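Chemist: To be precise about what I am sending: the file is called target-v4.txt and holds compact mmCIF, C-alpha atoms.
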```
# COMPACT_ATOMS: atom_id res chain seq x y z
CA LEU A 169 148.33 122.28 86.88
CA ALA A 170 147.48 124.66 84.07
CA GLN A 171 143.88 125.79 84.32
CA GLY A 172 142.67 127.30 81.06
CA SER A 173 145.71 126.09 79.14
CA GLY A 174 143.93 123.71 76.81
CA GLY A 175 145.97 120.89 78.33
CA SER A 176 145.08 117.20 78.38
CA ASP A 177 141.37 117.98 78.63
CA GLY A 178 141.43 119.31 75.09
CA GLY A 179 145.02 119.56 73.81
CA TRP A 180 147.11 122.72 73.54
CA VAL A 181 145.44 125.53 71.63
CA GLY A 182 147.47 126.68 68.65
CA GLY A 183 151.21 127.17 68.35
CA SER A 184 153.79 124.44 68.43
CA PHE A 185 153.30 123.44 72.06
CA VAL A 186 152.63 119.77 72.68
CA ASP A 187 150.67 118.43 75.64
CA GLY A 188 152.43 115.33 76.97
CA GLY A 189 149.28 114.24 78.76
CA ASN A 190 150.18 115.51 82.21
CA ASN A 191 148.66 118.97 82.14
CA LEU A 192 145.15 119.73 83.38
CA ASP A 193 142.94 122.39 81.91
CA SER A 194 140.35 122.02 84.69
CA ASP A 195 139.98 124.00 87.90
CA PRO A 196 142.23 122.17 90.41
CA LEU A 197 139.70 122.87 93.18
CA PHE A 198 142.12 123.98 95.87
CA ILE A 199 140.83 124.22 99.43
CA GLN A 200 141.13 128.01 99.17
CA GLU A 201 142.13 129.53 95.86
CA ILE A 202 144.35 132.60 95.64
CA ASP A 203 143.25 135.76 93.86
CA PRO A 204 146.03 136.45 91.32
CA ALA A 205 145.57 140.16 91.94
CA THR A 206 146.96 139.71 95.47
CA ALA A 207 150.20 138.02 94.35
CA PRO A 208 152.73 137.67 95.79
CA THR A 209 150.95 136.45 98.92
CA THR A 210 151.05 133.75 101.55
CA SER A 211 147.29 133.62 101.88
CA GLY A 212 145.08 130.87 100.50
CA ASN A 213 145.33 127.10 100.83
CA LEU A 214 146.76 125.22 97.85
CA ARG A 215 145.99 121.78 99.23
CA LEU A 216 143.71 119.78 96.95
CA GLY A 217 140.04 119.34 97.76
CA PRO A 218 138.37 115.91 97.89
CA ILE A 219 137.06 116.05 94.31
CA SER A 220 140.03 117.80 92.70
CA PRO A 221 140.82 116.54 89.17
CA ALA A 222 144.51 116.69 90.17
CA LEU A 223 144.18 113.76 92.60
CA ASN A 224 146.30 110.80 91.49
CA LYS A 225 147.22 112.58 88.26
CA GLY A 226 150.92 113.23 88.88
CA ASP A 227 153.92 111.30 87.57
CA ASN A 228 155.69 109.13 90.15
CA GLN A 229 159.06 109.41 88.43
CA TYR A 230 159.31 113.06 89.44
CA VAL A 231 159.10 112.29 93.16
CA THR A 232 161.61 109.44 93.20
CA GLY A 233 163.50 109.62 96.48
CA ILE A 234 161.00 112.08 97.98
CA SER A 235 159.09 110.41 100.80
CA THR A 236 156.97 113.29 102.14
CA ASP A 237 155.06 116.32 100.90
CA LEU A 238 155.29 119.88 102.29
CA ASP A 239 153.12 118.88 105.24
CA GLY A 240 155.38 115.96 106.09
CA ASN A 241 152.77 113.44 104.94
CA LEU A 242 153.48 110.54 102.59
CA ARG A 243 154.31 111.86 99.14
CA ILE A 244 152.39 109.05 97.43
CA ILE A 245 149.13 107.80 98.92
CA GLY A 246 147.64 105.13 96.71
CA ASP A 247 149.40 104.05 93.53
CA ARG A 248 149.99 107.49 91.97
CA VAL A 249 151.17 110.82 93.30
CA ASP A 250 148.86 113.85 93.34
CA MET A 251 149.73 116.93 91.33
CA GLY A 252 150.97 119.87 93.35
CA ALA A 253 152.97 120.21 96.54
CA TYR A 254 150.55 118.41 98.87
CA GLU A 255 149.20 114.87 98.91
CA PHE A 256 145.51 114.61 99.70
CA PHE A 257 144.11 112.23 102.27
CA GLN A 258 140.99 111.82 104.34
CA CYS A 259 140.83 110.16 107.72
CA PRO A 260 138.85 106.91 107.73
CA SER A 261 135.63 106.72 109.70
CA GLY A 262 135.97 103.21 111.15
CA PRO A 263 138.41 101.70 113.67
CA THR A 264 139.85 99.11 111.26
CA LEU A 265 142.00 99.56 108.16
CA TYR A 266 142.60 96.88 105.53
CA VAL A 267 145.76 96.17 103.52
CA ASP A 268 145.96 93.81 100.55
CA GLN A 269 148.80 94.06 98.06
CA ASP A 270 146.74 92.15 95.49
CA VAL A 271 143.70 94.44 95.41
CA SER A 272 143.06 95.52 91.83
CA THR A 273 142.41 99.18 92.60
CA PRO A 274 143.85 100.67 95.82
CA GLY A 275 141.23 102.43 97.89
CA ASP A 276 140.87 104.25 101.19
CA GLY A 277 141.56 101.19 103.37
CA SER A 278 137.96 101.03 104.62
CA SER A 279 137.27 97.43 103.48
CA TRP A 280 138.89 94.52 101.70
CA PRO A 281 137.62 95.64 98.25
CA ASN A 282 138.91 99.16 99.01
CA ALA A 283 142.10 98.10 100.77
CA PHE A 284 145.42 99.90 100.75
CA THR A 285 148.20 98.04 98.99
CA SER A 286 150.80 99.52 101.35
CA LEU A 287 151.11 98.74 105.06
CA GLN A 288 153.07 101.97 105.49
CA GLU A 289 150.07 103.90 104.21
CA ALA A 290 147.85 102.24 106.82
CA LEU A 291 150.35 103.06 109.58
CA PHE A 292 150.56 106.65 108.38
CA LYS A 293 146.78 107.04 108.45
CA SER A 294 146.62 105.40 111.89
CA ASN A 295 149.19 107.83 113.24
CA ALA A 296 147.86 110.95 111.54
CA CYS A 297 144.15 110.46 112.10
CA GLY A 298 143.69 108.67 115.40
CA GLY A 299 140.70 106.45 116.11
CA ILE A 300 142.28 103.47 114.35
CA SER A 301 142.73 100.47 116.63
CA GLN A 302 143.39 97.62 114.17
CA VAL A 303 145.06 97.05 110.81
CA TRP A 304 144.25 93.77 109.03
CA VAL A 305 146.85 92.67 106.47
CA ALA A 306 146.30 90.07 103.75
CA LYS A 307 148.88 87.48 102.81
CA GLY A 308 151.83 88.59 100.68
CA VAL A 309 155.22 90.23 101.05
CA TYR A 310 155.36 93.84 102.25
CA THR A 311 158.50 95.99 102.40
CA PRO A 312 158.83 99.15 104.54
CA GLY A 313 160.11 101.46 101.82
CA THR A 314 163.04 102.07 99.52
CA THR A 315 165.93 103.05 101.82
CA VAL A 316 167.86 101.23 104.54
CA ASN A 317 166.38 103.51 107.19
CA ASP A 318 162.77 102.69 106.31
CA THR A 319 160.98 100.52 108.89
CA PHE A 320 157.50 99.55 110.01
CA GLN A 321 157.13 101.59 113.21
CA LEU A 322 154.54 100.18 115.62
CA LEU A 323 152.07 102.56 117.24
CA ASP A 324 150.53 102.69 120.71
CA GLY A 325 146.92 101.55 120.65
CA VAL A 326 147.15 99.97 117.19
CA ALA A 327 147.16 96.20 116.62
CA LEU A 328 148.50 94.78 113.34
CA TYR A 329 147.04 91.42 112.38
CA GLY A 330 148.27 89.24 109.51
CA GLY A 331 147.05 85.95 108.09
CA PHE A 332 144.05 86.97 105.99
CA ASP A 333 143.32 85.94 102.41
CA PRO A 334 140.36 87.70 100.77
CA ALA A 335 140.81 85.65 97.59
CA SER A 336 140.14 82.45 99.58
CA GLY A 337 137.35 83.90 101.67
CA ALA A 338 139.46 84.39 104.82
CA VAL A 339 138.10 87.87 105.48
CA GLN A 340 136.86 87.69 109.06
CA PHE A 341 139.03 87.72 112.16
CA THR A 342 138.03 84.14 112.94
CA ASP A 343 139.15 83.10 109.43
CA ARG A 344 142.70 84.23 110.09
CA ASP A 345 145.42 81.61 109.49
CA TRP A 346 148.98 82.98 109.58
CA THR A 347 150.38 79.56 108.63
CA ALA A 348 148.18 78.93 105.59
CA TYR A 349 148.18 82.59 104.53
CA PRO A 350 151.64 83.93 105.44
CA THR A 351 151.93 87.68 105.75
CA VAL A 352 155.61 88.55 105.34
CA LEU A 353 157.27 91.80 106.40
CA SER A 354 160.54 91.89 104.50
CA GLY A 355 163.57 94.17 104.57
CA ASP A 356 164.53 93.05 101.07
CA ILE A 357 163.73 96.47 99.61
CA GLY A 358 165.74 95.76 96.47
CA GLY A 359 164.06 92.41 95.83
CA ASP A 360 167.43 90.78 95.13
CA ASP A 361 167.90 88.34 98.01
CA THR A 362 167.66 84.59 97.72
CA THR A 363 164.30 83.66 99.24
CA ASP A 364 162.17 80.63 99.97
CA GLU A 365 158.46 81.58 99.99
CA GLY A 366 159.40 85.14 100.88
CA VAL A 367 161.84 84.26 103.68
CA VAL A 368 165.46 85.18 103.04
CA VAL A 369 167.96 82.32 102.92
CA ILE A 370 170.90 84.00 104.61
CA LEU A 371 173.38 81.22 103.88
CA ASN A 372 173.13 82.15 100.21
CA GLY A 373 173.98 85.75 100.93
CA ILE A 374 171.92 88.67 102.22
CA LYS A 375 172.45 92.04 100.60
CA GLY A 376 173.81 95.08 102.39
CA ASP A 377 171.14 97.34 100.89
CA ASN A 378 168.32 95.90 102.99
CA SER A 379 166.43 97.76 105.72
CA TYR A 380 168.35 98.01 108.97
CA HIS A 381 165.23 97.06 110.95
CA VAL A 382 162.14 95.56 109.33
CA VAL A 383 159.98 96.46 112.34
CA THR A 384 160.62 98.99 115.11
CA GLY A 385 158.86 99.07 118.46
CA SER A 386 160.86 101.85 120.08
CA GLY A 387 158.96 104.08 122.48
CA VAL A 388 155.72 102.07 122.45
CA ASP A 389 153.91 100.20 125.20
CA LYS A 390 152.04 96.88 125.33
CA THR A 391 149.07 98.30 123.40
CA ALA A 392 151.20 98.23 120.24
CA VAL A 393 150.50 94.73 118.90
CA LEU A 394 152.06 92.65 116.13
CA ASP A 395 150.25 89.34 115.55
CA GLY A 396 150.43 86.80 112.73
CA PHE A 397 153.48 87.82 110.68
CA THR A 398 156.79 86.52 109.37
CA ILE A 399 159.67 88.99 109.66
CA THR A 400 162.66 88.50 107.40
CA ALA A 401 165.58 90.13 105.56
CA GLY A 402 166.44 92.79 108.13
CA THR A 403 170.13 93.69 107.88
CA ALA A 404 171.40 95.79 110.77
CA ILE A 405 174.98 96.01 109.62
CA GLY A 406 175.31 99.78 109.31
CA THR A 407 178.37 101.98 109.59
CA SER A 408 177.71 103.84 112.83
CA GLY A 409 180.25 103.89 115.66
CA SER A 410 181.04 100.64 117.43
CA ASP A 411 179.01 101.63 120.50
CA ASP A 412 175.97 102.78 118.52
CA CYS A 413 173.21 100.17 118.31
CA ASP A 414 170.86 102.14 116.06
CA ASP A 415 171.84 100.55 112.76
CA ARG A 416 173.73 97.54 114.06
CA CYS A 417 171.22 95.80 116.34
CA GLY A 418 167.92 94.07 115.66
CA GLY A 419 167.74 93.17 111.99
CA GLY A 420 164.24 91.78 112.29
CA MET A 421 162.98 94.04 115.07
CA TYR A 422 164.55 96.83 117.09
CA ASN A 423 163.11 98.02 120.40
CA ASP A 424 164.72 100.94 122.22
CA ASN A 425 162.76 101.72 125.39
CA GLY A 426 159.80 99.97 123.80
CA SER A 427 157.65 97.11 125.07
CA PRO A 428 155.18 96.00 122.38
CA THR A 429 153.10 92.80 122.39
CA LEU A 430 154.00 90.07 119.88
CA ALA A 431 152.12 86.84 119.14
CA HIS A 432 152.26 84.25 116.37
CA VAL A 433 155.34 85.80 114.76
CA THR A 434 158.26 84.11 113.00
CA PHE A 435 161.68 85.76 112.80
CA SER A 436 163.79 84.10 110.12
CA GLY A 437 166.59 85.13 107.79
CA ASN A 438 167.57 88.34 109.60
CA VAL A 439 171.13 89.45 110.34
CA ALA A 440 172.77 92.12 112.51
CA LYS A 441 175.96 92.90 114.32
CA ASN A 442 174.01 92.08 117.51
CA GLY A 443 170.54 90.63 117.87
CA GLY A 444 169.93 89.22 114.42
CA GLY A 445 166.26 88.45 114.96
CA MET A 446 165.36 90.97 117.67
CA ALA A 447 167.18 93.51 119.81
CA ASN A 448 165.68 94.84 123.04
CA VAL A 449 167.76 97.65 124.47
CA PHE A 450 167.57 100.32 127.18
CA GLY A 451 164.55 99.19 129.17
CA SER A 452 162.65 97.30 126.48
CA SER A 453 160.47 94.46 127.79
CA PRO A 454 158.11 93.19 125.10
CA ALA A 455 155.61 90.39 125.73
CA VAL A 456 156.49 87.61 123.24
CA THR A 457 154.09 84.67 122.92
CA ASP A 458 154.04 81.79 120.42
CA VAL A 459 156.98 83.22 118.50
CA SER A 460 159.85 81.44 116.75
CA PHE A 461 163.38 82.60 115.99
CA SER A 462 164.97 80.43 113.31
CA GLY A 463 167.85 80.90 110.90
CA ASN A 464 168.89 84.35 112.11
CA ALA A 465 172.52 85.41 112.55
CA ALA A 466 174.66 88.00 114.33
CA GLY A 467 178.25 88.95 113.62
CA GLU A 468 178.99 89.36 117.31
CA ALA A 469 176.27 88.25 119.74
CA GLY A 470 172.65 87.18 119.98
CA GLY A 471 171.84 85.45 116.74
CA GLY A 472 168.19 85.12 117.71
CA MET A 473 167.73 87.82 120.35
CA LEU A 474 169.71 90.47 122.20
CA ASN A 475 168.56 91.86 125.58
CA LEU A 476 170.66 94.78 126.76
CA ALA A 477 170.62 97.38 129.55
CA ASN A 478 167.73 96.41 131.81
CA SER A 479 165.59 94.88 129.07
CA ASN A 480 163.41 92.10 130.49
CA PRO A 481 161.12 90.57 127.87
CA VAL A 482 158.52 87.99 128.90
CA LEU A 483 158.76 84.96 126.61
CA THR A 484 156.04 82.30 126.56
CA GLY A 485 156.00 79.36 124.15
CA VAL A 486 158.99 80.68 122.20
CA SER A 487 161.50 78.61 120.23
CA PHE A 488 165.07 79.38 119.17
CA SER A 489 166.42 77.07 116.47
CA GLY A 490 169.20 77.23 113.92
CA ASN A 491 170.41 80.69 114.91
CA ALA A 492 174.11 81.52 114.87
CA ALA A 493 176.54 84.13 116.21
CA GLU A 494 180.12 84.55 117.33
CA ASN A 495 178.71 84.51 120.88
CA SER A 496 175.29 83.38 122.13
CA GLY A 497 173.75 81.83 119.05
CA GLY A 498 170.23 81.80 120.51
CA MET A 499 169.98 84.65 123.04
CA LEU A 500 172.32 87.09 124.74
CA ASN A 501 171.31 88.78 128.01
CA HIS A 502 173.52 91.59 129.28
CA ASN A 503 172.42 93.28 132.50
CA SER A 504 168.92 92.00 131.74
CA SER A 505 166.57 89.40 133.24
CA PRO A 506 164.09 87.95 130.76
CA VAL A 507 161.28 85.70 132.01
CA LEU A 508 161.08 82.40 130.10
CA THR A 509 158.17 79.95 130.18
CA GLY A 510 157.95 77.02 127.80
CA VAL A 511 160.96 78.19 125.78
CA SER A 512 163.10 75.81 123.73
CA PHE A 513 166.64 76.11 122.32
CA SER A 514 167.77 73.66 119.65
CA GLY A 515 170.43 73.61 116.96
CA ASN A 516 171.81 77.07 117.70
CA ALA A 517 175.54 77.67 117.31
CA ALA A 518 178.24 80.02 118.60
CA GLU A 519 181.90 80.18 117.67
CA ASN A 520 182.84 81.01 121.24
CA SER A 521 180.44 80.98 124.20
CA GLY A 522 176.74 80.37 124.69
CA GLY A 523 175.45 78.26 121.84
CA GLY A 524 171.91 78.50 123.20
CA MET A 525 171.97 81.34 125.73
CA TYR A 526 174.56 83.54 127.36
CA LEU A 527 174.07 85.78 130.40
CA SER A 528 176.45 88.50 131.59
CA LEU A 529 176.48 91.50 133.87
```
Could the structure of this file be written out as structure tokens, please?
Modeler:
Amino acid sequence: LAQGSGGSDGGWVGGSFVDGGNNLDSDPLFIQEIDPATAPTTSGNLRLGPISPALNKGDNQYVTGISTDLDGNLRIIGDRVDMGAYEFFQCPSGPTLYVDQDVSTPGDGSSWPNAFTSLQEALFKSNACGGISQVWVAKGVYTPGTTVNDTFQLLDGVALYGGFDPASGAVQFTDRDWTAYPTVLSGDIGGDDTTDEGVVVILNGIKGDNSYHVVTGSGVDKTAVLDGFTITAGTAIGTSGSDDCDDRCGGGMYNDNGSPTLAHVTFSGNVAKNGGGMANVFGSSPAVTDVSFSGNAAGEAGGGMLNLANSNPVLTGVSFSGNAAENSGGMLNHNSSPVLTGVSFSGNAAENSGGGMYLSL
């Protein structure tokens, strides 16, 4: 920001200075400008106003590795960072946000034509603003960020729905088809795993630089909903102590004292030390309906699912197939009592005990 400099609005004035195209001559339109005569001062408000010419005019390369601004908000909202120390955002007026990675110009998430391209941005707005009850996500592959600790954290009172395809006219809730229009949440943040239609093929090698947990439902209740997604490429094989589950349990989904609601979800191609597909620990009892666990793996136990320490999920119409672990290829229950209705186990494998399911106290 260089008001009056003769920057990109008109080129530098005189001398040998060269404007590289990233300097603004215009008034940045701060919320509350500072009178230079009062400097140094802590007064004023240097956040950008809604019509500031500095919005989306920064250079993303200079905030590489920086995830938040000085307010703790996302450092990049939209496809380009704002100039200055603060990222501008306005809270949406409606209860539904829209996400479509293929939208030509990212908008404010208020409609399909003005959709966000990032699911994380929609979750951030939902958490920061309140009043958001649903997030509709178009088909495609969405990653939670750029580091192994990044995850899609579910929120109380917010339902995430996948399976839309605006390009094909599937824009209404009744048009949703999570099979025909797969919406994939992937931990393959480096984009270097072997995949089949967005799902990681773990037998061909999954990379150690993937997200520990693709989705996290810790601390939420049943009003946090995940419906119509495929979850893949989570890799909870961190380096914490042997008794620490934080980065070693739940490659696909990790719930610590959290009980979200899941429906029409596929967990495939996730790995972990324990609970390759999903880990429910310390009083986590999610409601899981019409969900499949296939092709997940654990180095120790619970290739498909781990239930630990009084975690009692309610499973209805759930299938476990082709999962593998040293113990309990399909599901491990330790000091937990899940409720199973219409659940099938087929083709799961364990080197030691419990090919399908193992229970212990």
Chemist: Dump as a PyMOL selection string all residues having an atom at most 12 Å from (173.7, 92.0, 118.1), computed in the file's coordinates with all atoms listed in the file.
Modeler: chain A and resi 403-406+410-422+438-449+464-476+492-502
Chemist: Could you check how far CA of Gly233 in chain A sits from CA of Thr315 in chain A, in Å to one decimal?
Modeler: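 It comes out at 8.8 Å.
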Chemist: Using all atoms listed in the file, find the one residue out of A:Ser301, A:Ser211, A:Ser220, A:Asn317 that sits nearest to Met251 in chain A.
Modeler: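 Closest candidate: A:Ser220.
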Chemist: With all atoms listed in the file as the basis for distance, which of A:Ala290, A:Val369, A:Ala283, A:Leu529 is at the shortest distance from Val339 in chain A?
Modeler: A:Ala283
Chemist: Which is closer to Leu328 in chain A than all the others in A:Thr391, A:Thr347, A:Thr363, A:Ser528, using all atoms listed in the file?
Modeler: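 That would be A:Thr391, the residue with the smallest distance to Leu328 in chain A.
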Chemist: Report, in Å to a single decimal, how far apart CA of Gly313 in chain A and CA of Asn491 in chain A are.
Modeler: 26.6 Å
Chemist: Determine the nearest neighbour of Phe320 in chain A from the options A:Gly524, A:Gly212, A:Gly385, A:Gly299, counting all atoms listed in the file.
Modeler: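 Using all atoms listed in the file, Phe320 in chain A sits closest to A:Gly385.
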Chemist: To one decimal place, how far is CA of Thr285 in chain A from CA of Gly437 in chain A in Å?
Modeler: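 According to the coordinates, CA of Thr285 in chain A and CA of Gly437 in chain A are separated by 24.1 Å.
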Chemist: Using all atoms listed in the file for the distances, tell me which of A:Gln321, A:Asn224, A:Asn425, A:Ser386 is nearest to Phe292 in chain A.
Modeler: A:Gln321
Chemist: At most 6 Å from (139.1, 107.1, 112.3), file frame, only C-alpha atoms: which residues, as a list in words?
Modeler: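 I get Cys259, Pro260, Ser261, Gly262, Pro263, Gly298, Gly299 and Ile300 of chain A for the residues within 6 Å of that point.
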Chemist: If we count all atoms listed in the file, what is near Leu287 in chain A at a cut-off of 9 Å, once residues fewer than 4 positions away on the same chain are taken out, given as a short mmCIF file (atom, residue, chain, number, x, y, z; two decimals) with C-alpha atoms, in the coordinates of the input?
Modeler:
```
data_model
loop_
_atom_site.label_atom_id
_atom_site.label_comp_id
_atom_site.auth_asym_id
_atom_site.auth_seq_id
_atom_site.Cartn_x
_atom_site.Cartn_y
_atom_site.Cartn_z
CA TYR A 266 142.60 96.88 105.53
CA VAL A 267 145.76 96.17 103.52
CA ASP A 268 145.96 93.81 100.55
CA GLN A 269 148.80 94.06 98.06
CA LEU A 291 150.35 103.06 109.58
CA PHE A 292 150.56 106.65 108.38
CA VAL A 303 145.06 97.05 110.81
CA VAL A 305 146.85 92.67 106.47
CA TYR A 310 155.36 93.84 102.25
CA THR A 311 158.50 95.99 102.40
CA PRO A 312 158.83 99.15 104.54
CA PHE A 320 157.50 99.55 110.01
#
```
Chemist: Can you work out which one of A:Asn478, A:Thr206, A:Ser278, A:Thr429 has the shortest atom-to-atom distance to Pro454 in chain A, counting only C-alpha atoms?
Modeler: A:Thr429
Chemist: What's the 10 Å shell around Tyr329 in chain A, counting only C-alpha atoms, without same-chain residues fewer than 5 positions away, as a PDB file with C-alpha atoms, keeping the file's coordinate frame?
Modeler:
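part_30.pdb written:
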```pdb
ATOM      1  CA  TYR A 266     142.600  96.880 105.530  1.00  0.00           C
ATOM      2  CA  GLN A 302     143.390  97.620 114.170  1.00  0.00           C
ATOM      3  CA  VAL A 303     145.060  97.050 110.810  1.00  0.00           C
ATOM      4  CA  TRP A 304     144.250  93.770 109.030  1.00  0.00           C
ATOM      5  CA  VAL A 305     146.850  92.670 106.470  1.00  0.00           C
ATOM      6  CA  ALA A 306     146.300  90.070 103.750  1.00  0.00           C
ATOM      7  CA  PHE A 341     139.030  87.720 112.160  1.00  0.00           C
ATOM      8  CA  ARG A 344     142.700  84.230 110.090  1.00  0.00           C
ATOM      9  CA  TRP A 346     148.980  82.980 109.580  1.00  0.00           C
ATOM     10  CA  THR A 351     151.930  87.680 105.750  1.00  0.00           C
ATOM     11  CA  VAL A 393     150.500  94.730 118.900  1.00  0.00           C
ATOM     12  CA  LEU A 394     152.060  92.650 116.130  1.00  0.00           C
ATOM     13  CA  ASP A 395     150.250  89.340 115.550  1.00  0.00           C
ATOM     14  CA  GLY A 396     150.430  86.800 112.730  1.00  0.00           C
ATOM     15  CA  PHE A 397     153.480  87.820 110.680  1.00  0.00           C
ATOM     16  CA  ALA A 431     152.120  86.840 119.140  1.00  0.00           C
ATOM     17  CA  HIS A 432     152.260  84.250 116.370  1.00  0.00           C
TER      18      HIS A 432
END
```
Chemist: Please provide the set of residues having any atom within 9 Å of Thr509 in chain A, restricted to all atoms listed in the file, with same-chain residues fewer than 4 positions apart removed, written as a tab-separated table (two decimals) with C-alpha atoms, keeping the file's coordinate frame.
Modeler:
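Output saved as out.tsv:
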```
chain	number	residue	atom	x	y	z
A	482	VAL	CA	158.52	87.99	128.90
A	483	LEU	CA	158.76	84.96	126.61
A	484	THR	CA	156.04	82.30	126.56
A	485	GLY	CA	156.00	79.36	124.15
A	486	VAL	CA	158.99	80.68	122.20
```
